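> Handing over start03.csv, CSV, C-alpha atoms.
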```csv
chain,number,residue,atom,x,y,z
A,59,GLY,CA,0.0,0.0,0.0
A,60,GLU,CA,0.9,3.6,-0.3
A,61,SER,CA,2.0,5.5,2.8
A,62,VAL,CA,3.8,8.5,4.0
A,63,GLY,CA,5.9,8.8,7.1
A,64,LEU,CA,5.5,12.5,7.5
A,65,HIS,CA,2.6,14.7,6.5
A,66,LEU,CA,2.6,15.3,2.7
A,67,PRO,CA,0.1,17.5,1.0
A,68,THR,CA,-0.6,15.0,-1.7
A,69,LEU,CA,-0.9,11.2,-2.0
A,70,SER,CA,-1.4,9.2,-5.2
A,71,VAL,CA,-2.6,5.6,-4.6
A,72,GLN,CA,-3.5,2.7,-6.9
A,73,GLU,CA,-7.1,1.6,-6.7
A,74,GLY,CA,-7.3,-1.4,-4.5
A,75,ASP,CA,-4.1,-0.6,-2.5
A,76,ASN,CA,-4.2,0.6,1.1
A,77,SER,CA,-3.6,4.2,1.9
A,78,ILE,CA,-2.0,5.8,5.0
A,79,ILE,CA,-2.4,9.5,5.7
A,80,ASN,CA,-0.4,11.1,8.5
A,81,CYS,CA,-1.0,14.1,10.7
A,82,ALA,CA,1.1,15.6,13.4
A,83,TYR,CA,-0.5,17.7,16.2
A,84,SER,CA,1.1,20.2,18.4
A,85,ASN,CA,-1.3,20.8,21.3
A,86,SER,CA,-0.4,18.4,24.2
A,87,ALA,CA,-3.8,19.3,25.8
A,88,SER,CA,-5.7,17.9,22.8
A,89,ASP,CA,-7.5,14.7,23.7
A,90,TYR,CA,-10.1,14.3,20.9
A,91,PHE,CA,-9.2,13.8,17.3
A,92,ILE,CA,-11.3,13.5,14.1
A,93,TRP,CA,-10.6,12.7,10.5
A,94,TYR,CA,-12.7,14.5,7.9
A,95,LYS,CA,-13.0,13.9,4.1
A,96,GLN,CA,-13.8,16.9,1.9
A,97,GLU,CA,-14.8,16.4,-1.7
A,98,SER,CA,-14.7,19.2,-4.2
A,99,GLY,CA,-17.4,21.8,-3.6
A,100,LYS,CA,-18.7,20.1,-0.4
A,101,GLY,CA,-18.3,20.6,3.3
A,102,PRO,CA,-16.1,18.3,5.4
A,103,GLN,CA,-17.6,14.9,6.1
A,104,PHE,CA,-16.9,13.0,9.3
A,105,ILE,CA,-15.0,9.7,8.8
A,106,ILE,CA,-13.9,8.5,12.2
A,107,ASP,CA,-12.8,9.9,15.6
A,108,ILE,CA,-10.7,8.8,18.5
A,109,ARG,CA,-10.2,9.9,22.1
A,110,SER,CA,-6.9,10.1,23.9
A,111,ASN,CA,-7.6,7.1,26.1
A,112,MET,CA,-7.4,4.9,23.0
A,113,ASP,CA,-4.6,4.2,20.5
A,114,LYS,CA,-6.6,2.6,17.7
A,115,ARG,CA,-10.1,2.6,16.4
A,116,GLN,CA,-11.6,0.9,13.4
A,117,GLY,CA,-14.5,1.7,11.2
A,118,GLN,CA,-15.7,0.5,7.9
A,119,ARG,CA,-12.5,0.2,5.7
A,120,VAL,CA,-10.8,2.8,7.9
A,121,THR,CA,-8.6,2.7,10.9
A,122,VAL,CA,-7.3,5.6,13.0
A,123,LEU,CA,-4.1,5.2,15.0
A,124,LEU,CA,-3.1,7.7,17.7
A,125,ASN,CA,0.5,7.9,19.2
A,126,LYS,CA,0.4,10.4,22.0
A,127,THR,CA,4.0,10.1,22.7
A,128,VAL,CA,5.0,11.7,19.5
A,129,LYS,CA,1.7,13.5,18.9
A,130,HIS,CA,1.0,11.7,15.7
A,131,LEU,CA,-2.3,10.6,14.2
A,132,SER,CA,-2.8,8.4,11.1
A,133,LEU,CA,-5.7,7.3,8.9
A,134,GLN,CA,-5.5,4.0,7.1
A,135,ILE,CA,-7.9,3.3,4.3
A,136,ALA,CA,-8.2,-0.3,3.1
A,137,ALA,CA,-8.7,-1.2,-0.5
A,138,THR,CA,-8.8,2.4,-1.7
A,139,GLN,CA,-11.6,3.2,-4.2
A,140,PRO,CA,-12.0,6.0,-6.7
A,141,GLY,CA,-14.7,7.5,-4.4
A,142,ASP,CA,-12.0,7.9,-1.8
A,143,SER,CA,-10.4,10.7,-3.9
A,144,ALA,CA,-10.7,13.8,-1.8
A,145,VAL,CA,-8.9,16.1,0.7
A,146,TYR,CA,-8.5,14.5,4.1
A,147,PHE,CA,-8.1,16.7,7.2
A,148,CYS,CA,-7.3,15.7,10.8
A,149,ALA,CA,-8.8,17.9,13.5
A,150,GLU,CA,-8.1,18.1,17.2
A,151,ALA,CA,-9.8,19.5,20.3
A,152,ALA,CA,-9.1,19.7,24.0
A,153,SER,CA,-11.5,18.7,26.8
A,154,ASN,CA,-14.1,21.3,27.7
A,155,ASP,CA,-13.3,23.2,24.6
A,156,TYR,CA,-15.6,23.6,21.5
A,157,LYS,CA,-12.7,24.7,19.4
A,158,LEU,CA,-11.9,22.2,16.7
A,159,SER,CA,-8.6,23.0,14.9
A,160,PHE,CA,-7.8,21.5,11.6
A,161,GLY,CA,-4.5,20.3,10.2
A,162,ALA,CA,-3.2,21.2,6.7
A,163,GLY,CA,-4.9,18.5,4.8
A,164,THR,CA,-3.8,15.8,2.3
A,165,THR,CA,-5.2,15.5,-1.2
A,166,VAL,CA,-5.6,11.8,-2.1
A,167,THR,CA,-5.9,10.8,-5.7
A,168,VAL,CA,-6.8,7.3,-6.6
A,169,ARG,CA,-5.4,5.9,-9.9
A,170,ALA,CA,-7.5,3.4,-11.8
B,82,ASP,CA,-32.8,15.1,10.1
B,83,THR,CA,-29.0,14.9,10.3
B,84,GLU,CA,-28.2,17.8,8.1
B,85,VAL,CA,-26.8,21.2,8.5
B,86,THR,CA,-28.4,23.4,5.8
B,87,GLN,CA,-26.7,26.6,4.5
B,88,THR,CA,-28.2,29.2,2.3
B,89,PRO,CA,-27.3,30.6,-0.2
B,90,LYS,CA,-25.0,28.1,-1.9
B,91,HIS,CA,-23.3,30.9,-3.8
B,92,LEU,CA,-23.2,34.7,-3.2
B,93,VAL,CA,-21.6,37.5,-5.1
B,94,MET,CA,-21.5,40.8,-3.4
B,95,GLY,CA,-20.0,44.2,-3.8
B,96,MET,CA,-17.8,45.8,-1.2
B,97,THR,CA,-20.6,48.2,-0.2
B,98,ASN,CA,-23.3,45.6,0.1
B,99,LYS,CA,-24.9,44.1,3.2
B,100,LYS,CA,-25.7,40.4,3.0
B,101,SER,CA,-26.4,37.5,5.4
B,102,LEU,CA,-25.5,33.9,5.4
B,103,LYS,CA,-27.9,31.5,7.0
B,104,CYS,CA,-27.4,28.1,8.7
B,105,GLU,CA,-30.0,25.8,10.1
B,106,GLN,CA,-29.8,22.4,12.0
B,107,HIS,CA,-32.6,20.4,13.6
B,108,MET,CA,-30.4,17.8,15.4
B,109,GLY,CA,-30.8,19.5,18.8
B,110,HIS,CA,-27.2,20.4,18.8
B,111,ARG,CA,-26.2,23.1,21.4
B,112,ALA,CA,-23.0,24.3,19.7
B,113,MET,CA,-22.9,26.0,16.3
B,114,TYR,CA,-19.8,27.3,14.4
B,115,TRP,CA,-18.7,29.5,11.5
B,116,TYR,CA,-15.6,28.5,9.7
B,117,LYS,CA,-13.9,30.2,6.8
B,118,GLN,CA,-12.0,28.2,4.2
B,119,LYS,CA,-9.8,29.5,1.4
B,120,ALA,CA,-8.9,27.4,-1.6
B,121,LYS,CA,-6.6,24.5,-0.8
B,122,LYS,CA,-6.4,25.4,2.9
B,123,PRO,CA,-8.0,23.9,6.0
B,124,PRO,CA,-11.1,25.5,7.6
B,125,GLU,CA,-10.3,28.3,10.0
B,126,LEU,CA,-12.6,28.8,13.0
B,127,MET,CA,-14.3,32.2,13.2
B,128,PHE,CA,-17.1,32.0,15.8
B,129,VAL,CA,-18.6,29.5,18.2
B,130,TYR,CA,-22.0,29.7,19.8
B,131,SER,CA,-22.7,27.5,22.8
B,132,TYR,CA,-26.3,27.4,24.1
B,133,GLU,CA,-27.1,30.5,21.9
B,134,LYS,CA,-24.3,32.5,23.4
B,135,LEU,CA,-21.1,33.6,21.7
B,136,SER,CA,-18.4,31.6,23.4
B,137,ILE,CA,-15.5,32.0,20.9
B,138,ASN,CA,-14.6,34.9,18.6
B,139,GLU,CA,-11.3,34.2,16.9
B,140,SER,CA,-10.4,37.9,16.5
B,141,VAL,CA,-12.6,38.2,13.4
B,142,PRO,CA,-13.0,41.7,11.9
B,143,SER,CA,-16.2,43.5,12.8
B,144,ARG,CA,-17.4,43.5,9.2
B,145,PHE,CA,-18.4,39.9,10.1
B,146,SER,CA,-21.2,39.8,12.6
B,147,PRO,CA,-22.7,36.6,13.9
B,148,GLU,CA,-26.1,36.1,15.3
B,149,CYS,CA,-27.8,33.1,16.9
B,150,PRO,CA,-31.6,33.8,16.9
B,151,ASN,CA,-32.4,30.4,18.4
B,152,SER,CA,-30.9,27.0,19.0
B,153,SER,CA,-31.5,25.9,15.4
B,154,LEU,CA,-30.4,29.0,13.5
B,155,LEU,CA,-27.1,30.7,13.0
B,156,ASN,CA,-26.6,33.8,10.8
B,157,LEU,CA,-23.5,35.6,9.6
B,158,HIS,CA,-24.1,39.2,8.7
B,159,LEU,CA,-21.6,40.7,6.2
B,160,HIS,CA,-20.9,44.4,5.6
B,161,ALA,CA,-18.2,46.3,3.8
B,162,LEU,CA,-16.3,43.2,2.9
B,163,GLN,CA,-13.0,43.1,1.0
B,164,PRO,CA,-12.1,41.0,-2.0
B,165,GLU,CA,-9.8,38.9,0.2
B,166,ASP,CA,-12.8,37.8,2.2
B,167,SER,CA,-13.9,35.7,-0.8
B,168,ALA,CA,-13.9,32.1,0.5
B,169,LEU,CA,-16.1,29.2,1.3
B,170,TYR,CA,-18.0,29.8,4.6
B,171,LEU,CA,-18.9,26.7,6.4
B,172,CYS,CA,-21.4,26.3,9.2
B,173,ALA,CA,-21.2,23.4,11.6
B,174,SER,CA,-22.9,22.1,14.7
B,175,SER,CA,-22.1,19.6,17.4
B,176,PRO,CA,-24.1,18.1,20.2
B,177,ARG,CA,-21.7,19.1,23.0
B,178,GLU,CA,-18.1,20.2,23.5
B,179,VAL,CA,-15.4,17.8,22.4
B,180,ALA,CA,-17.6,16.0,19.9
B,181,GLU,CA,-18.0,15.5,16.2
B,182,ALA,CA,-18.9,18.6,14.3
B,183,PHE,CA,-21.4,18.2,11.4
B,184,PHE,CA,-20.7,20.5,8.5
B,185,GLY,CA,-23.0,22.1,6.0
B,186,GLN,CA,-22.1,22.3,2.3
B,187,GLY,CA,-20.9,25.9,2.7
B,188,THR,CA,-21.6,29.2,1.0
B,189,ARG,CA,-19.2,30.2,-1.8
B,190,LEU,CA,-18.8,33.9,-1.3
B,191,THR,CA,-17.2,36.2,-3.9
B,192,VAL,CA,-16.6,39.8,-3.1
B,193,VAL,CA,-16.2,42.1,-6.1
```
Take the structure from the file and write it as structure tokens.


Amino acid sequence: GESVGLHLPTLSVQEGDNSIINCAYSNSASDYFIWYKQESGKGPQFIIDIRSNMDKRQGQRVTVLLNKTVKHLSLQIAATQPGDSAVYFCAEAASNDYKLSFGAGTTVTVRA
Amino acid sequence: DTEVTQTPKHLVMGMTNKKSLKCEQHMGHRAMYWYKQKAKKPPELMFVYSYEKLSINESVPSRFSPECPNSSLLNLHLHALQPEDSALYLCASSPREVAEAFFGQGTRLTVV
């Protein structure tokens, strides 16, 4: 599968391969994390979330991993499909805080 | 109803105009947000309303004026905008603090 070790703004992946998108966060107080998918001309769409008392959470074809030691978050997409082409953002928030802050985003392009 | 509805979808306004963006949700969410998103950038938080009271203002210029008439509605009043204010304006809501935010499709604003 395709993967990036550090955050990169773009990721090109072959259809059917696995994708890994990385995100680094800076606020040590953040304890809630979300991955969003944004397609062209649309608002961000929730994919999966994770709280700081967990290090892994799985959804349908997606897995989020959290490494609090190095403040790193990743999203794994299994068997990437053309419909997965979009910009993916990680977002973080701290307890008792409504402020959700977004990372820079990664544009994923799926090759047929 | 699990949607956040924004109107209008597109808006072109002159620098001397006054216009309003509207947002509506019927999920019973107690927090509502305005974000601004420039092309190829992540959403940036502008305002947060919690229980119909303004709880966060991220140092937004006064030419943007938010209003929360009731728990389901959020408006953003625009006056004397500049061309650099052209962007996608996103509304979101969440059931409580530190929770998933649901986004609308956004209003594409162009200031001429």

> Residues of chain A were defined as contacting chain B if any atom lay at most 12 Å from it, counting all atoms listed in the file; please report them as a VMD selection string.

chain A and resid 67 to 68 88 to 110 144 to 165

> Would you mind listing what lies within 7 Å of B:Thr86 as a list in words, with only C-alpha atoms counted and same-chain residues fewer than 4 positions away left out?

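Listing them by chain and then by number gives Cys104, Glu105, Gln106 and Gly185 of chain B.
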
> At what distance in Å, to one decimal, does atom CA of A:Val166 lie from atom CA of A:Val122?

16.4 Å

> Quick one: pull the distance between atom CA of B:Val193 and atom CA of B:Arg144, Å, one decimal.

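So the two atoms, atom CA of B:Val193 and atom CA of B:Arg144, lie 15.4 Å apart.
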
> By how many Å are atom CA of B:Asn138 and atom CA of B:Lys99 apart?

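If I compute the distance from atom CA of B:Asn138 to atom CA of B:Lys99, I get 20.7 Å.
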
> So, counting only C-alpha atoms, which residue among B:Gln87, B:Ser143, B:Gln163, B:Ser152 is closest to B:Lys103?

B:Gln87

> Determine, counting all atoms listed in the file, which protein, DNA and RNA residues have an atom within 12 Å of an atom of A:Asn76; residues of the same chain fewer than 4 positions away are not included. Present the result as a ChimeraX atom specification.

/A:59-62,69-72,119-121,133-139,142,166,168

> Output C-alpha atoms of each residue in that selection to a file, as a PDB file, in the frame of the given file.


```pdb
ATOM      1  CA  GLY A  59       0.000   0.000   0.000  1.00  0.00           C
ATOM      2  CA  GLU A  60       0.900   3.600  -0.300  1.00  0.00           C
ATOM      3  CA  SER A  61       2.000   5.500   2.800  1.00  0.00           C
ATOM      4  CA  VAL A  62       3.800   8.500   4.000  1.00  0.00           C
ATOM      5  CA  LEU A  69      -0.900  11.200  -2.000  1.00  0.00           C
ATOM      6  CA  SER A  70      -1.400   9.200  -5.200  1.00  0.00           C
ATOM      7  CA  VAL A  71      -2.600   5.600  -4.600  1.00  0.00           C
ATOM      8  CA  GLN A  72      -3.500   2.700  -6.900  1.00  0.00           C
ATOM      9  CA  ARG A 119     -12.500   0.200   5.700  1.00  0.00           C
ATOM     10  CA  VAL A 120     -10.800   2.800   7.900  1.00  0.00           C
ATOM     11  CA  THR A 121      -8.600   2.700  10.900  1.00  0.00           C
ATOM     12  CA  LEU A 133      -5.700   7.300   8.900  1.00  0.00           C
ATOM     13  CA  GLN A 134      -5.500   4.000   7.100  1.00  0.00           C
ATOM     14  CA  ILE A 135      -7.900   3.300   4.300  1.00  0.00           C
ATOM     15  CA  ALA A 136      -8.200  -0.300   3.100  1.00  0.00           C
ATOM     16  CA  ALA A 137      -8.700  -1.200  -0.500  1.00  0.00           C
ATOM     17  CA  THR A 138      -8.800   2.400  -1.700  1.00  0.00           C
ATOM     18  CA  GLN A 139     -11.600   3.200  -4.200  1.00  0.00           C
ATOM     19  CA  ASP A 142     -12.000   7.900  -1.800  1.00  0.00           C
ATOM     20  CA  VAL A 166      -5.600  11.800  -2.100  1.00  0.00           C
ATOM     21  CA  VAL A 168      -6.800   7.300  -6.600  1.00  0.00           C
TER      22      VAL A 168
END
```

> Using all atoms listed in the file, pick whichever of A:Ser77, A:Asn111, A:Ser132, A:Thr167 has the shortest atom-to-atom distance to A:His65.

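Answer, going by the shortest atom-to-atom distance: A:Ser132.
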
> From the options B:Ala161, B:Cys149, B:Glu84, B:Asp166, which residue's atoms come nearest to B:Met108, counting only C-alpha atoms?

B:Glu84

> Of the candidates B:Lys100, B:Arg111, B:Lys134, B:His91, which one gets nearest to B:Ala168 if we count all atoms listed in the file?

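Under the stated criterion, the closest residue is B:His91.
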
> Let me make sure I understand: among A:Arg169, A:Met112, A:Leu66, A:Pro140, which one has the smallest atom-to-atom distance to A:Asn80 if we use only C-alpha atoms?

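Looking at the shortest contact to A:Asn80, the residue is A:Leu66.
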
> Would you be able to write out as a list in words which residues have an atom within 10 Å of (-26.5, 37.8, 5.9) in the file's coordinates, counting only C-alpha atoms?

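These residues have at least one counted atom within 10 Å: Thr88, Pro89, Lys99, Lys100, Ser101, Leu102, Lys103, Phe145, Ser146, Pro147, Glu148, Asn156, Leu157, His158, Leu159 and His160 of chain B.
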